[in-house]
$ cat query_20.cif   # mmCIF, C-alpha atoms
data_input
loop_
_atom_site.label_atom_id
_atom_site.label_comp_id
_atom_site.auth_asym_id
_atom_site.auth_seq_id
_atom_site.Cartn_x
_atom_site.Cartn_y
_atom_site.Cartn_z
CA MET A 665 292.69 -49.01 166.86
CA ARG A 666 291.51 -49.37 170.45
CA LYS A 667 289.75 -52.54 171.54
CA VAL A 668 287.64 -53.83 174.42
CA LEU A 669 286.60 -57.22 175.72
CA ALA A 670 282.81 -57.57 175.83
CA PHE A 671 280.58 -60.12 177.53
CA ASP A 672 276.88 -60.82 176.95
CA LEU A 673 275.43 -62.82 179.83
CA GLY A 674 272.23 -64.78 179.33
CA GLY A 675 270.37 -67.51 181.13
CA THR A 676 271.54 -70.18 178.66
CA LYS A 677 274.65 -68.71 176.99
CA PHE A 678 277.51 -66.45 177.97
CA ALA A 679 278.82 -64.84 174.77
CA PHE A 680 281.99 -62.79 174.49
CA GLY A 681 284.07 -60.98 171.91
CA VAL A 682 286.86 -58.54 171.23
CA VAL A 683 285.41 -55.41 169.65
CA ALA A 684 287.24 -52.54 167.97
CA GLU A 685 286.19 -48.93 168.46
CA ASP A 686 284.47 -48.87 165.05
CA GLY A 687 282.16 -51.68 166.25
CA THR A 688 283.92 -54.48 164.35
CA VAL A 689 283.85 -57.80 166.21
CA LEU A 690 287.41 -59.10 165.79
CA GLY A 691 286.65 -62.48 167.33
CA SER A 692 283.94 -64.05 169.44
CA GLY A 693 282.77 -67.17 171.20
CA ARG A 694 280.32 -68.49 173.75
CA VAL A 695 279.99 -70.97 176.57
CA GLU A 696 276.93 -72.42 178.25
CA THR A 697 275.92 -70.42 181.30
CA LEU A 698 274.67 -73.40 183.35
CA ALA A 699 272.99 -70.77 185.50
CA GLU A 700 271.67 -73.21 188.09
CA ALA A 701 275.25 -74.16 188.99
CA GLY A 702 275.93 -70.62 190.19
CA PRO A 703 277.91 -67.64 188.97
CA ALA A 704 281.46 -68.63 189.91
CA GLN A 705 281.69 -71.57 187.51
CA ALA A 706 280.20 -69.57 184.65
CA VAL A 707 282.56 -66.64 185.11
CA GLN A 708 285.57 -68.94 185.41
CA ARG A 709 284.69 -70.82 182.21
CA VAL A 710 283.88 -67.71 180.17
CA ALA A 711 287.06 -66.00 181.37
CA ALA A 712 289.12 -69.02 180.29
CA ALA A 713 287.42 -69.08 176.89
CA ALA A 714 287.92 -65.35 176.44
CA GLN A 715 291.59 -65.69 177.38
CA GLN A 716 291.94 -68.35 174.69
CA LEU A 717 290.38 -65.94 172.19
CA LEU A 718 292.89 -63.25 173.16
CA THR A 719 295.69 -65.75 172.59
CA GLU A 720 294.32 -66.60 169.14
CA LEU A 721 294.15 -62.90 168.30
CA LYS A 722 297.69 -62.38 169.64
CA LEU A 723 296.43 -59.94 172.25
CA LYS A 724 297.09 -59.49 175.96
CA PRO A 725 294.82 -57.84 178.54
CA ALA A 726 297.20 -54.88 178.49
CA ASP A 727 296.28 -54.35 174.80
CA LEU A 728 292.65 -53.72 175.78
CA LEU A 729 291.00 -50.55 176.97
CA ALA A 730 288.28 -51.98 179.23
CA ILE A 731 285.68 -54.71 179.78
CA GLY A 732 281.95 -54.32 179.12
CA ILE A 733 279.29 -56.70 180.43
CA ALA A 734 275.66 -56.85 179.33
CA SER A 735 273.44 -58.72 181.80
CA PRO A 736 269.77 -59.38 182.44
CA GLY A 737 268.40 -57.15 185.15
CA PRO A 738 267.61 -56.05 187.68
CA LEU A 739 271.17 -55.07 188.59
CA ASP A 740 273.01 -53.69 191.58
CA THR A 741 275.46 -51.56 189.61
CA ALA A 742 277.17 -50.30 192.78
CA ARG A 743 278.36 -53.86 193.48
CA GLY A 744 278.61 -54.97 189.85
CA CYS A 745 276.14 -57.81 190.19
CA VAL A 746 272.66 -58.99 189.32
CA ASP A 747 270.04 -58.35 191.96
CA GLY A 748 267.23 -60.88 191.86
CA SER A 749 267.22 -61.63 188.13
CA PRO A 750 264.62 -64.35 187.38
CA ASN A 751 266.93 -65.67 184.64
CA LEU A 752 269.85 -66.08 187.03
CA PRO A 753 268.59 -67.57 190.30
CA GLY A 754 271.17 -67.60 193.06
CA TRP A 755 273.46 -65.06 191.38
CA THR A 756 272.50 -62.08 193.55
CA GLY A 757 275.48 -60.48 195.27
CA TYR A 758 278.20 -62.10 193.14
CA SER A 759 280.26 -59.34 191.52
CA ILE A 760 280.48 -60.41 187.89
CA GLU A 761 282.05 -57.04 187.14
CA GLY A 762 284.73 -57.42 189.81
CA GLU A 763 285.58 -61.04 189.02
CA LEU A 764 285.96 -60.46 185.28
CA SER A 765 288.07 -57.38 185.95
CA LYS A 766 290.32 -59.45 188.21
CA ALA A 767 290.60 -62.24 185.62
CA PHE A 768 292.04 -59.82 183.07
CA GLY A 769 294.63 -57.89 185.01
CA HIS A 770 292.15 -55.62 186.80
CA LEU A 771 291.03 -53.95 183.58
CA PRO A 772 288.29 -51.36 184.21
CA ALA A 773 284.92 -53.10 183.87
CA ARG A 774 281.32 -51.94 183.61
CA ILE A 775 278.13 -54.00 183.90
CA ASP A 776 274.92 -52.73 182.32
CA ASN A 777 271.41 -53.99 181.79
CA ASP A 778 271.43 -55.94 178.51
CA CYS A 779 268.70 -53.83 176.88
CA ASN A 780 270.38 -50.59 177.95
CA ALA A 781 273.61 -51.91 176.43
CA ALA A 782 271.78 -52.88 173.23
CA ALA A 783 270.32 -49.37 173.04
CA LEU A 784 273.78 -47.82 173.26
CA GLY A 785 275.15 -50.33 170.76
CA GLU A 786 272.48 -49.47 168.18
CA TYR A 787 273.00 -45.77 168.89
CA VAL A 788 276.76 -45.82 168.42
CA PHE A 789 277.24 -48.58 165.85
CA GLY A 790 273.85 -49.58 164.44
CA ALA A 791 270.54 -48.24 163.19
CA GLY A 792 270.70 -45.13 165.40
CA LYS A 793 273.99 -43.69 164.15
CA GLY A 794 273.68 -39.95 163.69
CA LYS A 795 270.60 -39.61 165.94
CA ARG A 796 270.43 -37.91 169.35
CA ASN A 797 267.37 -39.57 170.89
CA LEU A 798 266.86 -43.31 170.50
CA VAL A 799 264.69 -45.94 172.12
CA TYR A 800 265.63 -49.59 171.66
CA LEU A 801 262.94 -52.25 172.00
CA THR A 802 263.28 -56.00 171.84
CA ILE A 803 260.18 -58.12 171.28
CA SER A 804 260.97 -61.75 171.96
CA THR A 805 260.38 -63.97 175.01
CA GLY A 806 259.64 -60.72 176.83
CA ILE A 807 259.72 -57.04 175.94
CA GLY A 808 262.81 -55.11 176.95
CA GLY A 809 263.93 -51.58 176.32
CA GLY A 810 266.61 -48.96 176.65
CA ALA A 811 266.88 -45.28 175.82
CA VAL A 812 269.55 -42.81 174.75
CA ILE A 813 268.37 -39.26 175.40
CA ASP A 814 270.28 -36.20 174.20
CA GLY A 815 273.21 -38.45 173.35
CA ARG A 816 273.48 -40.18 176.74
CA LEU A 817 272.35 -43.62 177.79
CA MET A 818 269.58 -43.31 180.37
CA ARG A 819 270.50 -45.61 183.26
CA GLY A 820 268.31 -44.22 186.04
CA ALA A 821 268.90 -44.04 189.78
CA ASN A 822 270.35 -47.54 190.13
CA GLY A 823 271.01 -48.69 186.56
CA ASN A 824 267.62 -50.20 185.82
CA ALA A 825 265.83 -47.53 183.75
CA ALA A 826 263.54 -48.13 180.77
CA GLU A 827 261.84 -51.38 181.81
CA LEU A 828 259.44 -50.72 178.97
CA GLY A 829 257.90 -54.18 178.92
CA HIS A 830 256.32 -53.39 182.26
CA ILE A 831 254.37 -50.35 181.15
CA PRO A 832 250.85 -51.23 182.38
CA LEU A 833 248.31 -51.36 179.54
CA THR A 834 245.37 -52.31 181.76
CA MET A 835 244.41 -52.33 185.43
CA ASP A 836 244.24 -56.12 185.51
CA GLY A 837 244.73 -58.44 182.54
CA PRO A 838 247.06 -61.45 182.32
CA ARG A 839 249.67 -62.06 184.97
CA CYS A 840 253.15 -60.92 183.93
CA GLY A 841 256.40 -62.64 184.85
CA CYS A 842 257.22 -59.62 187.05
CA GLY A 843 254.24 -60.49 189.26
CA ASN A 844 251.93 -57.67 188.19
CA GLN A 845 248.95 -57.84 185.87
CA GLY A 846 248.30 -56.06 182.60
CA CYS A 847 251.91 -55.29 181.61
CA TRP A 848 252.71 -54.61 177.95
CA GLU A 849 254.94 -57.70 177.95
CA ALA A 850 252.03 -59.87 179.10
CA TYR A 851 250.05 -58.85 176.00
CA ALA A 852 252.54 -58.34 173.19
CA SER A 853 255.76 -60.33 173.72
CA GLY A 854 256.36 -63.40 171.58
CA THR A 855 255.49 -65.53 174.59
CA ALA A 856 252.22 -63.66 175.11
CA ILE A 857 251.25 -63.86 171.43
CA ALA A 858 251.82 -67.63 171.47
CA ARG A 859 249.83 -67.94 174.73
CA ARG A 860 246.85 -66.06 173.32
CA THR A 861 246.97 -68.27 170.23
CA ARG A 862 246.94 -71.43 172.33
CA GLU A 863 244.04 -70.10 174.39
CA ALA A 864 242.01 -69.44 171.22
CA LEU A 865 242.75 -72.92 169.88
CA ALA A 866 241.84 -74.52 173.21
CA ALA A 867 238.53 -72.64 173.08
CA GLY A 868 237.76 -74.42 169.80
CA ARG A 869 238.63 -71.84 167.15
CA PRO A 870 239.40 -73.66 163.88
CA SER A 871 242.80 -72.90 162.39
CA SER A 872 245.55 -74.27 160.18
CA ILE A 873 248.03 -73.35 162.92
CA LEU A 874 247.82 -76.89 164.29
CA LYS A 875 248.93 -78.26 160.92
CA PHE A 876 252.25 -76.53 161.46
CA ALA A 877 252.59 -76.91 165.23
CA GLY A 878 251.32 -80.47 165.65
CA SER A 879 249.62 -79.73 168.96
CA ILE A 880 248.29 -76.78 170.93
CA GLU A 881 251.10 -77.08 173.47
CA GLN A 882 253.78 -76.64 170.79
CA VAL A 883 252.38 -73.48 169.19
CA THR A 884 254.85 -70.61 168.76
CA THR A 885 254.76 -67.30 166.91
CA HIS A 886 256.59 -69.01 164.02
CA HIS A 887 253.57 -71.27 163.48
CA LEU A 888 251.32 -68.22 163.63
CA PHE A 889 253.35 -66.58 160.84
CA GLN A 890 253.11 -69.75 158.73
CA ALA A 891 249.32 -69.85 159.10
CA MET A 892 249.03 -66.13 158.34
CA ALA A 893 250.80 -66.72 155.02
CA GLU A 894 247.95 -69.10 154.13
CA GLY A 895 245.31 -66.52 155.03
CA ASP A 896 244.23 -68.31 158.22
CA ALA A 897 241.50 -66.27 159.91
CA LEU A 898 242.48 -67.02 163.52
CA ALA A 899 246.14 -66.25 162.87
CA GLN A 900 245.20 -62.95 161.25
CA ASP A 901 242.91 -62.05 164.16
CA ILE A 902 245.58 -62.82 166.77
CA TRP A 903 248.15 -60.85 164.80
CA ALA A 904 245.87 -57.82 164.38
CA GLU A 905 245.20 -57.84 168.13
CA SER A 906 248.96 -58.12 168.79
CA ILE A 907 249.70 -55.21 166.47
CA ASN A 908 247.18 -53.11 168.38
CA TYR A 909 248.85 -53.94 171.71
CA LEU A 910 252.29 -53.18 170.26
CA GLY A 911 251.05 -49.90 168.80
CA ARG A 912 249.51 -48.81 172.11
CA GLY A 913 252.77 -49.41 173.94
CA LEU A 914 254.84 -47.71 171.26
CA GLY A 915 252.52 -44.71 171.35
CA ALA A 916 253.25 -44.41 175.08
CA VAL A 917 257.00 -44.71 174.38
CA ILE A 918 256.84 -41.96 171.75
CA ASN A 919 254.87 -39.68 174.07
CA THR A 920 257.26 -40.31 176.95
CA PHE A 921 260.67 -40.05 175.25
CA ASN A 922 260.00 -37.97 172.08
CA PRO A 923 262.66 -40.02 170.23
CA ASP A 924 264.08 -39.46 166.76
CA ILE A 925 264.09 -43.20 166.24
CA ILE A 926 262.78 -46.41 167.80
CA VAL A 927 264.94 -49.40 166.92
CA VAL A 928 263.11 -52.73 167.23
CA GLY A 929 264.83 -56.11 167.55
CA GLY A 930 263.97 -59.57 168.83
CA GLY A 931 262.50 -62.73 167.38
CA VAL A 932 259.08 -61.29 166.55
CA THR A 933 260.72 -58.96 164.00
CA ALA A 934 261.14 -62.03 161.78
CA ALA A 935 257.65 -61.10 160.56
CA GLY A 936 259.23 -58.21 158.65
CA ASP A 937 256.83 -55.82 156.92
CA ALA A 938 253.87 -57.76 158.34
CA LEU A 939 255.01 -56.36 161.70
CA PHE A 940 256.57 -53.01 160.90
CA VAL A 941 254.03 -51.54 158.47
CA PRO A 942 250.88 -51.94 160.63
CA MET A 943 252.80 -51.43 163.89
CA ARG A 944 254.05 -48.04 162.71
CA ALA A 945 250.53 -47.01 161.73
CA LYS A 946 249.11 -48.00 165.13
CA ALA A 947 251.96 -46.40 167.06
CA PHE A 948 251.54 -43.07 165.29
CA ALA A 949 247.78 -43.23 165.76
CA TYR A 950 248.29 -43.51 169.54
CA ALA A 951 251.10 -40.92 169.72
CA PHE A 952 250.77 -37.14 169.81
CA PRO A 953 251.00 -36.10 166.14
CA ARG A 954 253.88 -33.65 166.65
CA LEU A 955 255.91 -36.36 168.42
CA GLY A 956 255.06 -39.09 165.96
CA ALA A 957 255.94 -36.87 163.01
CA VAL A 958 259.63 -36.79 163.97
CA CYS A 959 259.99 -40.46 164.96
CA ALA A 960 261.12 -43.32 162.73
CA ILE A 961 260.44 -46.95 163.72
CA VAL A 962 263.04 -49.24 162.15
CA PRO A 963 264.48 -52.76 162.47
CA ALA A 964 267.60 -53.26 164.58
CA ALA A 965 270.86 -53.45 162.64
CA LEU A 966 273.23 -55.39 164.90
CA GLY A 967 271.44 -58.74 164.80
CA GLY A 968 272.89 -61.52 166.92
CA ASN A 969 275.90 -59.37 167.84
CA VAL A 970 273.80 -56.79 169.65
CA GLY A 971 274.65 -58.05 173.15
CA VAL A 972 278.41 -58.18 172.66
CA VAL A 973 278.56 -54.95 170.64
CA GLY A 974 276.28 -53.22 173.13
CA ALA A 975 278.50 -54.29 176.03
CA ALA A 976 281.48 -52.99 174.06
CA ALA A 977 279.76 -49.64 173.52
CA CYS A 978 279.28 -49.35 177.29
CA ALA A 979 282.95 -50.14 177.87
CA PHE A 980 284.05 -47.51 175.34
CA GLU A 981 281.67 -44.99 176.91
CA ALA A 982 283.12 -45.64 180.36
CA ALA A 983 286.59 -45.07 178.95
CA GLY A 984 285.56 -41.87 177.21
CA SER A 985 285.33 -43.28 173.64
CA PRO A 986 283.72 -43.37 171.13
#

$ encode --input "query_20.cif" --output "structure tokens"
Amino acid sequence: MRKVLAFDLGGTKFAFGVVAEDGTVLGSGRVETLAEAGPAQAVQRVAAAAQQLLTELKLKPADLLAIGIASPGPLDTARGCVDGSPNLPGWTGYSIEGELSKAFGHLPARIDNDCNAAALGEYVFGAGKGKRNLVYLTISTGIGGGAVIDGRLMRGANGNAAELGHIPLTMDGPRCGCGNQGCWEAYASGTAIARRTREALAAGRPSSILKFAGSIEQVTTHHLFQAMAEGDALAQDIWAESINYLGRGLGAVINTFNPDIIVVGGGVTAAGDALFVPMRAKAFAYAFPRLGAVCAIVPAALGGNVGVVGAAACAFEAAGSP
């Protein structure tokens, strides 16, 4: 069975694994990124750790088909590097793709936006198997997305397509990390939900949320979920508002892509049915009925492996398989 070496680059961790063409992760590991120290040290350390994994698996670079790399965007795919990523300051212009290829005997390598890679991973190996049109959405610190349309990953003109978190919901609204105002991410990401909760508490709204968080500054969505389970009125209000924002954005996604399936991952999905049941209802209320009628909205299937498996899917695609 053919195998690839896959890397999932993040601001805090650099994960890697050897993945077979059926999506099985044969072995994996991670190192700290130490992003502030620059790209060269991170790539050198992750390459050494990945080489050790190959040794443990009794594999050589020549036994592998290719290398896949999932990275936060924006990317310069022509040069194989990040291009102004806020999570990786100072990394612009360093060819992660080229350096990892060189470290493993000049194996063919491909770098992709991490959410695009996750979309392809869920399409090939996860919740989207058997579908032709898939949108992947992650709701966590931010909102990220990727799309597979008519069986092909949509990369766009320079590899940065489907920045779904930056769909504008309003003309103004809260400032987003991208610099604009009113983005979907600024209303409905886990970070935004926690921010709106803290603002309500600071304005004097009574709530049991503080019993779980300890202080306003420490409030997270996890504390919101805990308070919701007790029937806390503020928590329920914030959650209902969040569901509405998520539904509005998903309605726009359905109307834009006409997908068979929207696969949703990220930390906020820990809410389970409390998220998915009302979010589906809102999304379909905002979508054109004929488009909503053919679209399923489901939890992601790949879990914590989504970055590595997604990078592997991109490597297999580049090599013509699966």

$ resolve_selection --input "query_20.cif" --expression "the PyMOL selection byres ((chain A and resi 720-733) around 10)" --output "PyMOL selection string"
chain A and resi 666-673+679-680+682-685+690-691+714-719+734-735+744+760-761+764-765+767-778+781+971-983+985

$ resolve_selection --input "query_20.cif" --expression "the PyMOL selection byres ((chain A and resi 828) around 8)" --output "mmCIF file with C-alpha atoms, in the coordinates of the input"
data_model
loop_
_atom_site.group_PDB
_atom_site.id
_atom_site.type_symbol
_atom_site.label_atom_id
_atom_site.label_comp_id
_atom_site.auth_asym_id
_atom_site.auth_seq_id
_atom_site.Cartn_x
_atom_site.Cartn_y
_atom_site.Cartn_z
ATOM 1 C CA LEU A 801 262.940 -52.250 172.000
ATOM 2 C CA ILE A 807 259.720 -57.040 175.940
ATOM 3 C CA GLY A 808 262.810 -55.110 176.950
ATOM 4 C CA GLY A 809 263.930 -51.580 176.320
ATOM 5 C CA GLY A 810 266.610 -48.960 176.650
ATOM 6 C CA ALA A 826 263.540 -48.130 180.770
ATOM 7 C CA GLU A 827 261.840 -51.380 181.810
ATOM 8 C CA GLY A 829 257.900 -54.180 178.920
ATOM 9 C CA HIS A 830 256.320 -53.390 182.260
ATOM 10 C CA ILE A 831 254.370 -50.350 181.150
ATOM 11 C CA TRP A 848 252.710 -54.610 177.950
ATOM 12 C CA VAL A 917 257.000 -44.710 174.380
#

$ resolve_selection --input "query_20.cif" --expression "the PyMOL selection byres ((chain A and resi 838) around 12)" --output "PyMOL selection string"
chain A and resi 832-837+839-852+856-857+859-860

$ residues_around --input "query_20.cif" --residues "A:Phe789" --least-positions-apart "2" --cutoff "8 Å" --atoms "only C-alpha atoms" --output "count of residues only"
9

$ residues_around --input "query_20.cif" --residues "A:Ala964" --least-positions-apart "6" --cutoff "7 Å" --atoms "all atoms listed in the file" --output "VMD selection string"
chain A and resid 791 927 to 929

$ atom_distance --input "query_20.cif" --atom1 "atom CA of A:Asp937" --atom2 "atom CA of A:Cys779"
23.3 Å

$ atom_distance --input "query_20.cif" --atom1 "atom CA of A:Gly936" --atom2 "atom CA of A:Val962"
10.4 Å

$ closest_residue --input "query_20.cif" --among "A:Asn751, A:Thr741, A:Gln890, A:Asn919" --to "A:Arg819" --atoms "all atoms listed in the file"
A:Thr741

$ closest_residue --input "query_20.cif" --among "A:Ala960, A:Ile907, A:Leu955, A:Ile873" --to "A:Glu894" --atoms "all atoms listed in the file"
A:Ile873

$ closest_residue --input "query_20.cif" --among "A:Val812, A:Ile880, A:Ala897, A:Leu910" --to "A:Gly854" --atoms "all atoms listed in the file"
A:Leu910

$ atom_distance --input "query_20.cif" --atom1 "atom CA of A:Lys946" --atom2 "atom CA of A:Gly820"
28.6 Å

$ residues_around --input "query_20.cif" --residues "stretch 698-708 of chain A" --least-positions-apart "4" --cutoff "7 Å" --atoms "all atoms listed in the file" --output "list in words"
Gly675, Thr676, Ala712, Leu752, Pro753, Gly754, Trp755 and Tyr758 of chain A

$ write_last_selection --input "query_20.cif" --atoms "C-alpha atoms" --output "compact mmCIF listing (two decimals), keeping the file's coordinate frame"
# COMPACT_ATOMS: atom_id res chain seq x y z
CA GLY A 675 270.37 -67.51 181.13
CA THR A 676 271.54 -70.18 178.66
CA ALA A 712 289.12 -69.02 180.29
CA LEU A 752 269.85 -66.08 187.03
CA PRO A 753 268.59 -67.57 190.30
CA GLY A 754 271.17 -67.60 193.06
CA TRP A 755 273.46 -65.06 191.38
CA TYR A 758 278.20 -62.10 193.14

$ closest_residue --input "query_20.cif" --among "A:Ala891, A:Thr855, A:Ile925, A:Gly930" --to "A:Ser906" --atoms "only C-alpha atoms"
A:Thr855

$ closest_residue --input "query_20.cif" --among "A:Leu888, A:Ala949, A:Ala713, A:Ala934" --to "A:Ser692" --atoms "all atoms listed in the file"
A:Ala713

$ residues_near_point --input "query_20.cif" --point "(266.6, -41.7, 180.8)" --cutoff "12 Å" --atoms "all atoms listed in the file" --output "JSON, numbers by chain"
{"A": [780, 783, 797, 798, 799, 809, 810, 811, 812, 813, 814, 815, 816, 817, 818, 819, 820, 821, 822, 823, 824, 825, 826, 827, 828, 917, 920, 921, 922, 923]}

$ build_atoms --input "query_20.cif" --residues "stretch 868-879 of chain A" --atoms "N, CA and C atoms" --output "PDB file, in the frame of the given file"
ATOM      1  N   GLY A 868     238.449 -73.795 170.923  1.00  0.00           N
ATOM      2  CA  GLY A 868     237.760 -74.420 169.800  1.00  0.00           C
ATOM      3  C   GLY A 868     237.800 -73.669 168.492  1.00  0.00           C
ATOM      4  N   ARG A 869     238.554 -72.566 168.413  1.00  0.00           N
ATOM      5  CA  ARG A 869     238.630 -71.840 167.150  1.00  0.00           C
ATOM      6  C   ARG A 869     239.332 -72.693 166.095  1.00  0.00           C
ATOM      7  N   PRO A 870     238.734 -72.879 164.933  1.00  0.00           N
ATOM      8  CA  PRO A 870     239.400 -73.660 163.880  1.00  0.00           C
ATOM      9  C   PRO A 870     240.562 -72.870 163.288  1.00  0.00           C
ATOM     10  N   SER A 871     241.621 -73.590 162.919  1.00  0.00           N
ATOM     11  CA  SER A 871     242.800 -72.900 162.390  1.00  0.00           C
ATOM     12  C   SER A 871     243.760 -73.906 161.773  1.00  0.00           C
ATOM     13  N   SER A 872     244.496 -73.438 160.770  1.00  0.00           N
ATOM     14  CA  SER A 872     245.550 -74.270 160.180  1.00  0.00           C
ATOM     15  C   SER A 872     246.830 -74.227 161.006  1.00  0.00           C
ATOM     16  N   ILE A 873     246.831 -73.446 162.087  1.00  0.00           N
ATOM     17  CA  ILE A 873     248.030 -73.350 162.920  1.00  0.00           C
ATOM     18  C   ILE A 873     248.465 -74.731 163.411  1.00  0.00           C
ATOM     19  N   LEU A 874     247.490 -75.571 163.760  1.00  0.00           N
ATOM     20  CA  LEU A 874     247.820 -76.890 164.290  1.00  0.00           C
ATOM     21  C   LEU A 874     248.493 -77.774 163.250  1.00  0.00           C
ATOM     22  N   LYS A 875     248.249 -77.512 161.978  1.00  0.00           N
ATOM     23  CA  LYS A 875     248.930 -78.260 160.920  1.00  0.00           C
ATOM     24  C   LYS A 875     250.434 -78.051 160.992  1.00  0.00           C
ATOM     25  N   PHE A 876     250.826 -76.854 161.381  1.00  0.00           N
ATOM     26  CA  PHE A 876     252.250 -76.530 161.460  1.00  0.00           C
ATOM     27  C   PHE A 876     252.844 -76.885 162.815  1.00  0.00           C
ATOM     28  N   ALA A 877     252.068 -76.701 163.876  1.00  0.00           N
ATOM     29  CA  ALA A 877     252.590 -76.910 165.230  1.00  0.00           C
ATOM     30  C   ALA A 877     252.508 -78.360 165.686  1.00  0.00           C
ATOM     31  N   GLY A 878     251.506 -79.083 165.225  1.00  0.00           N
ATOM     32  CA  GLY A 878     251.320 -80.470 165.650  1.00  0.00           C
ATOM     33  C   GLY A 878     250.401 -80.619 166.836  1.00  0.00           C
ATOM     34  N   SER A 879     250.494 -79.705 167.797  1.00  0.00           N
ATOM     35  CA  SER A 879     249.620 -79.730 168.960  1.00  0.00           C
ATOM     36  C   SER A 879     249.518 -78.321 169.519  1.00  0.00           C
TER      37      SER A 879
END
